[in-house]
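Novice: Below you will find the structure I want to go over with you.
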Amino acid sequence: MICYCCSMTNVASRLVYLQKKPIVGSIARMAGLLFGFQISPDIEIGRGLNIAHRGCGTVLNTATRIGNFVTIYHNVTLARSDSWVPLAGRAFPGFEIQDHVVLCPGSVLLAGKDQLTVGEGTVVGANSVLTKSTGAWEIWAGSPAVRVGKRTDRPRHYRES
Ligand SMILES: CC(C)(COP(=O)(O)OP(=O)(O)OC[C@H]1O[C@@H](n2cnc3c(N)ncnc32)[C@H](O)[C@@H]1OP(=O)(O)O)[C@@H](O)C(=O)NCCC(=O)NCCS
């Protein structure tokens, strides 16, 4: 079995994976809080997660699934759009962050009753407020975020022919 935390070079990313482990998990969770991020160990995370700039200020809702090789910068928030209202048995499908997504600093993703999906390879720009699902390899920015472009830097095998 691959140990994702041992293959990470960056301390915050390692802590996120370590949080899931028995015994050291609770120490890693405390260390994560000291770093200033709140990423629940219950979040399903693929390999190669990059928590940039120690994840300072990043808070992710527990109802989140993260794919492979995702980059999450500091001050990123994934939250319910009505987070002050108790869930009281309502379903909250949350977020799906697909492979190779980049969530830039300060981006806020808000989901309501429908799942918010950030499509493969999509970049959500700095300080953007994303309230809609995106397609693949797109660039979204602004508040509310709109599609401002397509990524041209995607790896060759992902390029359209
Ligand atoms: C979103 C981003 C990737 C777009 O870059 P780009 O593809 O080169 O896009 P452009 O700069 O050509 O901008 C396209 C349009 O989106 C707007 N835009 C770009 N970034 C924006 C942002 N973060 N918020 C609001 N609008 C933005 C531009 O003003 C431009 O609008 P216009 O067409 O009306 O002139 C980039 O602006 C960004 O936010 N990068 C984050 C970098 C960063 O924070 N790195 C981490 C360092 S620690």
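Convention: chains lettered A, B, ... in structure tokens order; per-chain residue numbering from 1; ligands numbered from 1 as shown.
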Mind listing the residues within 9 Å of ligand 1, only C-alpha atoms and all ligand atoms counted, as a compact mmCIF listing (two decimals) with N, CA and C atoms, in the first residue's frame?
Specialist:
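Contents of selection_1.txt, as written:
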# COMPACT_ATOMS: atom_id res chain seq x y z
N ALA A 52 -0.45 24.34 -0.16
CA ALA A 52 0.60 25.35 -0.33
C ALA A 52 0.57 26.37 0.80
N HIS A 53 1.72 26.92 1.10
CA HIS A 53 1.89 27.94 2.15
C HIS A 53 1.27 27.51 3.48
N TYR A 73 -4.27 26.33 -1.99
CA TYR A 73 -3.47 27.39 -1.37
C TYR A 73 -4.06 27.80 -0.02
N HIS A 74 -3.48 28.85 0.54
CA HIS A 74 -3.93 29.35 1.85
C HIS A 74 -5.25 30.12 1.72
N LEU A 103 -6.96 25.43 -6.39
CA LEU A 103 -7.79 26.42 -5.69
C LEU A 103 -6.84 27.50 -5.17
N CYS A 104 -6.91 28.67 -5.80
CA CYS A 104 -5.95 29.75 -5.50
C CYS A 104 -6.28 30.41 -4.16
N PRO A 105 -5.32 31.22 -3.64
CA PRO A 105 -5.49 31.81 -2.31
C PRO A 105 -6.79 32.62 -2.22
N GLY A 106 -7.45 32.45 -1.10
CA GLY A 106 -8.65 33.25 -0.84
C GLY A 106 -9.89 32.79 -1.57
N SER A 107 -9.80 31.70 -2.34
CA SER A 107 -11.01 31.29 -3.06
C SER A 107 -12.00 30.68 -2.08
N VAL A 123 -8.84 25.73 -12.58
CA VAL A 123 -8.24 26.68 -11.65
C VAL A 123 -9.33 27.63 -11.17
N VAL A 124 -9.42 27.81 -9.87
CA VAL A 124 -10.32 28.83 -9.32
C VAL A 124 -9.42 29.96 -8.82
N GLY A 125 -9.57 31.15 -9.43
CA GLY A 125 -8.64 32.26 -9.22
C GLY A 125 -8.64 32.83 -7.81
N ALA A 126 -7.64 33.64 -7.56
CA ALA A 126 -7.45 34.25 -6.24
C ALA A 126 -8.68 35.08 -5.85
N ASN A 127 -9.09 34.91 -4.60
CA ASN A 127 -10.22 35.67 -4.02
C ASN A 127 -11.52 35.54 -4.80
N SER A 128 -11.71 34.42 -5.47
CA SER A 128 -12.95 34.22 -6.21
C SER A 128 -13.99 33.55 -5.33
N VAL A 129 -15.25 33.78 -5.65
CA VAL A 129 -16.35 33.12 -4.93
C VAL A 129 -17.09 32.25 -5.94
N ILE A 139 -10.70 27.99 -16.37
CA ILE A 139 -10.23 28.97 -15.39
C ILE A 139 -11.44 29.82 -15.00
N TRP A 140 -11.71 29.85 -13.72
CA TRP A 140 -12.84 30.62 -13.20
C TRP A 140 -12.30 31.69 -12.25
N ALA A 141 -12.88 32.89 -12.32
CA ALA A 141 -12.41 33.96 -11.42
C ALA A 141 -13.51 34.96 -11.19
N GLY A 142 -13.35 35.74 -10.12
CA GLY A 142 -14.28 36.82 -9.80
C GLY A 142 -15.26 36.44 -8.71
N SER A 143 -16.12 37.40 -8.38
CA SER A 143 -17.10 37.18 -7.32
C SER A 143 -18.45 37.75 -7.78
N PRO A 144 -19.42 36.94 -8.17
CA PRO A 144 -19.33 35.49 -8.28
C PRO A 144 -18.41 35.08 -9.42
N ALA A 145 -17.78 33.93 -9.28
CA ALA A 145 -16.82 33.50 -10.29
C ALA A 145 -17.53 33.13 -11.59
N VAL A 146 -16.89 33.51 -12.70
CA VAL A 146 -17.36 33.12 -14.02
C VAL A 146 -16.18 32.49 -14.75
N ARG A 147 -16.48 31.81 -15.81
CA ARG A 147 -15.39 31.19 -16.59
C ARG A 147 -14.66 32.27 -17.36
N VAL A 148 -13.35 32.42 -17.11
CA VAL A 148 -12.60 33.47 -17.81
C VAL A 148 -11.63 32.87 -18.83
N GLY A 149 -11.51 31.56 -18.86
CA GLY A 149 -10.61 30.97 -19.86
C GLY A 149 -10.51 29.47 -19.72
N LYS A 150 -9.63 28.93 -20.55
CA LYS A 150 -9.34 27.49 -20.55
C LYS A 150 -7.86 27.33 -20.23
N ARG A 151 -7.47 26.29 -19.54
CA ARG A 151 -6.05 26.08 -19.24
C ARG A 151 -5.32 25.59 -20.48
N THR A 152 -4.18 26.19 -20.74
CA THR A 152 -3.38 25.75 -21.88
C THR A 152 -2.15 24.98 -21.40
Novice: Let's see if you can do this: from backbone DSSP, list all helix (DSSP H, G or I) residues in chain A, as a ChimeraX atom specification.
Specialist: /A:5-7,11-18,24-35,52-55,156-158
Novice: May I have the residues from that selection written out with C-alpha atoms, as a PDB file, in the first residue's frame?
Specialist:
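Okay, this is what ended up in selection08.pdb:
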ATOM      1  CA  CYS A   5       2.124  11.098   3.772  1.00  0.00           C
ATOM      2  CA  CYS A   6       5.657   9.685   3.370  1.00  0.00           C
ATOM      3  CA  SER A   7       5.782  10.635  -0.305  1.00  0.00           C
ATOM      4  CA  VAL A  11       4.877  19.492   5.849  1.00  0.00           C
ATOM      5  CA  ALA A  12       1.262  20.698   5.738  1.00  0.00           C
ATOM      6  CA  SER A  13       0.371  18.128   3.079  1.00  0.00           C
ATOM      7  CA  ARG A  14       2.020  15.401   5.156  1.00  0.00           C
ATOM      8  CA  LEU A  15       0.015  16.438   8.197  1.00  0.00           C
ATOM      9  CA  VAL A  16      -3.239  16.167   6.244  1.00  0.00           C
ATOM     10  CA  TYR A  17      -2.473  12.533   5.373  1.00  0.00           C
ATOM     11  CA  LEU A  18      -1.079  11.776   8.844  1.00  0.00           C
ATOM     12  CA  VAL A  24      -0.279   9.935  15.385  1.00  0.00           C
ATOM     13  CA  GLY A  25      -3.556  11.189  13.863  1.00  0.00           C
ATOM     14  CA  SER A  26      -4.589  13.276  16.857  1.00  0.00           C
ATOM     15  CA  ILE A  27      -1.114  14.861  17.108  1.00  0.00           C
ATOM     16  CA  ALA A  28      -1.231  15.652  13.382  1.00  0.00           C
ATOM     17  CA  ARG A  29      -4.692  17.223  13.836  1.00  0.00           C
ATOM     18  CA  MET A  30      -3.359  19.470  16.620  1.00  0.00           C
ATOM     19  CA  ALA A  31      -0.348  20.395  14.486  1.00  0.00           C
ATOM     20  CA  GLY A  32      -2.694  21.202  11.589  1.00  0.00           C
ATOM     21  CA  LEU A  33      -4.656  23.562  13.807  1.00  0.00           C
ATOM     22  CA  LEU A  34      -1.383  25.259  14.838  1.00  0.00           C
ATOM     23  CA  PHE A  35      -0.536  25.666  11.161  1.00  0.00           C
ATOM     24  CA  ALA A  52       0.600  25.353  -0.329  1.00  0.00           C
ATOM     25  CA  HIS A  53       1.886  27.945   2.151  1.00  0.00           C
ATOM     26  CA  ARG A  54       1.119  25.649   5.087  1.00  0.00           C
ATOM     27  CA  GLY A  55      -2.597  25.888   4.357  1.00  0.00           C
ATOM     28  CA  ARG A 156       0.047  16.564 -23.087  1.00  0.00           C
ATOM     29  CA  HIS A 157      -2.038  13.427 -22.499  1.00  0.00           C
ATOM     30  CA  TYR A 158      -4.894  15.617 -21.259  1.00  0.00           C
TER      31      TYR A 158
END
Novice: Which residue out of A:Lys20, A:Asn10, A:Phe92, A:Phe37 has the minimum interatomic distance to Leu49 of chain A when only C-alpha atoms are used?
Specialist: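 Distance minimum relative to Leu49 of chain A lands on A:Asn10.
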Novice: If we count only C-alpha atoms, what is near Gln115 of chain A at a cut-off of 6 Å, once residues fewer than 2 positions away on the same chain are taken out, given as an mmCIF file with all heavy atoms, in the first residue's frame?
Specialist:
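result32.cif, written as the output of this step:
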data_model
loop_
_atom_site.group_PDB
_atom_site.id
_atom_site.type_symbol
_atom_site.label_atom_id
_atom_site.label_comp_id
_atom_site.auth_asym_id
_atom_site.auth_seq_id
_atom_site.Cartn_x
_atom_site.Cartn_y
_atom_site.Cartn_z
ATOM 1 N N PRO A 93 -24.852 17.366 -0.090
ATOM 2 C CA PRO A 93 -23.937 16.556 -0.903
ATOM 3 C C PRO A 93 -22.513 17.122 -0.962
ATOM 4 O O PRO A 93 -21.576 16.376 -1.249
ATOM 5 C CB PRO A 93 -24.582 16.539 -2.292
ATOM 6 C CG PRO A 93 -25.632 17.581 -2.295
ATOM 7 C CD PRO A 93 -25.912 18.000 -0.884
ATOM 8 N N GLY A 94 -22.338 18.417 -0.722
ATOM 9 C CA GLY A 94 -20.992 18.972 -0.577
ATOM 10 C C GLY A 94 -20.235 19.181 -1.879
ATOM 11 O O GLY A 94 -20.799 19.603 -2.887
ATOM 12 N N PHE A 95 -18.953 18.826 -1.836
ATOM 13 C CA PHE A 95 -18.038 19.234 -2.905
ATOM 14 C C PHE A 95 -17.291 18.036 -3.484
ATOM 15 O O PHE A 95 -16.880 17.139 -2.740
ATOM 16 C CB PHE A 95 -16.987 20.203 -2.339
ATOM 17 C CG PHE A 95 -17.579 21.425 -1.730
ATOM 18 C CD1 PHE A 95 -17.960 21.433 -0.390
ATOM 19 C CD2 PHE A 95 -17.787 22.564 -2.486
ATOM 20 C CE1 PHE A 95 -18.527 22.551 0.186
ATOM 21 C CE2 PHE A 95 -18.349 23.699 -1.923
ATOM 22 C CZ PHE A 95 -18.723 23.685 -0.584
#
Novice: Which residue, A:Gly121, A:Gly89, A:Gly36, A:Pro22, has the smallest gap to Ile51 of chain A when you use only C-alpha atoms?
Specialist: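 Checking each of A:Gly121, A:Gly89, A:Gly36, A:Pro22 against Ile51 of chain A, counting only C-alpha atoms, the winner is A:Gly36.
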Novice: Extract the full set of strand (DSSP E) residues from segment 1-51 of chain A according to DSSP on the backbone, and format it as number ranges by chain.
Specialist: A: 38-39, 44-45, 50-51
Novice: May I have the residues within 6 Å of segment 38-43 of chain A as a PDB file with C-alpha atoms, in the first residue's frame, using only C-alpha atoms and disregarding those fewer than 5 positions away in the same chain?
Specialist:
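Output file out01.pdb is given in full below:
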ATOM      1  CA  GLN A  19      -4.338  12.954  10.414  1.00  0.00           C
ATOM      2  CA  LYS A  20      -5.956   9.784   9.071  1.00  0.00           C
ATOM      3  CA  VAL A  59     -11.100  25.485   6.060  1.00  0.00           C
ATOM      4  CA  LEU A  60     -12.752  22.632   4.166  1.00  0.00           C
ATOM      5  CA  THR A  62     -16.196  17.628   5.815  1.00  0.00           C
ATOM      6  CA  THR A  64     -15.703  17.094   0.440  1.00  0.00           C
TER       7      THR A  64
END
Novice: Under the rule that only C-alpha atoms are counted, which of A:Asp153, A:Asp114, A:Glu44, A:Asp99 is the nearest residue to Arg80 of chain A?
Specialist: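 Among the listed residues, the smallest separation from Arg80 of chain A belongs to A:Asp114.
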Novice: List the spatial neighbours of Gly135 of chain A as a list in words - criterion: any atom at most 9 Å away, only C-alpha atoms, same-chain residues fewer than 4 positions off excluded.
Specialist: Thr117, Val118, Gly119, Glu120, Gly121 and Thr122 of chain A
Novice: In Å, with one decimal, what is the gap from atom CA of Thr134 of chain A to atom CA of Ala91 of chain A?
Specialist: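 Straight-line distance from atom CA of Thr134 of chain A to atom CA of Ala91 of chain A works out to 21.6 Å.
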Novice: Between atom CA of Trp84 of chain A and atom CA of Lys113 of chain A, what is the distance in Å, rounded to a tenth?
Specialist: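 Taking atom CA of Trp84 of chain A and atom CA of Lys113 of chain A, their separation equals 14.6 Å.
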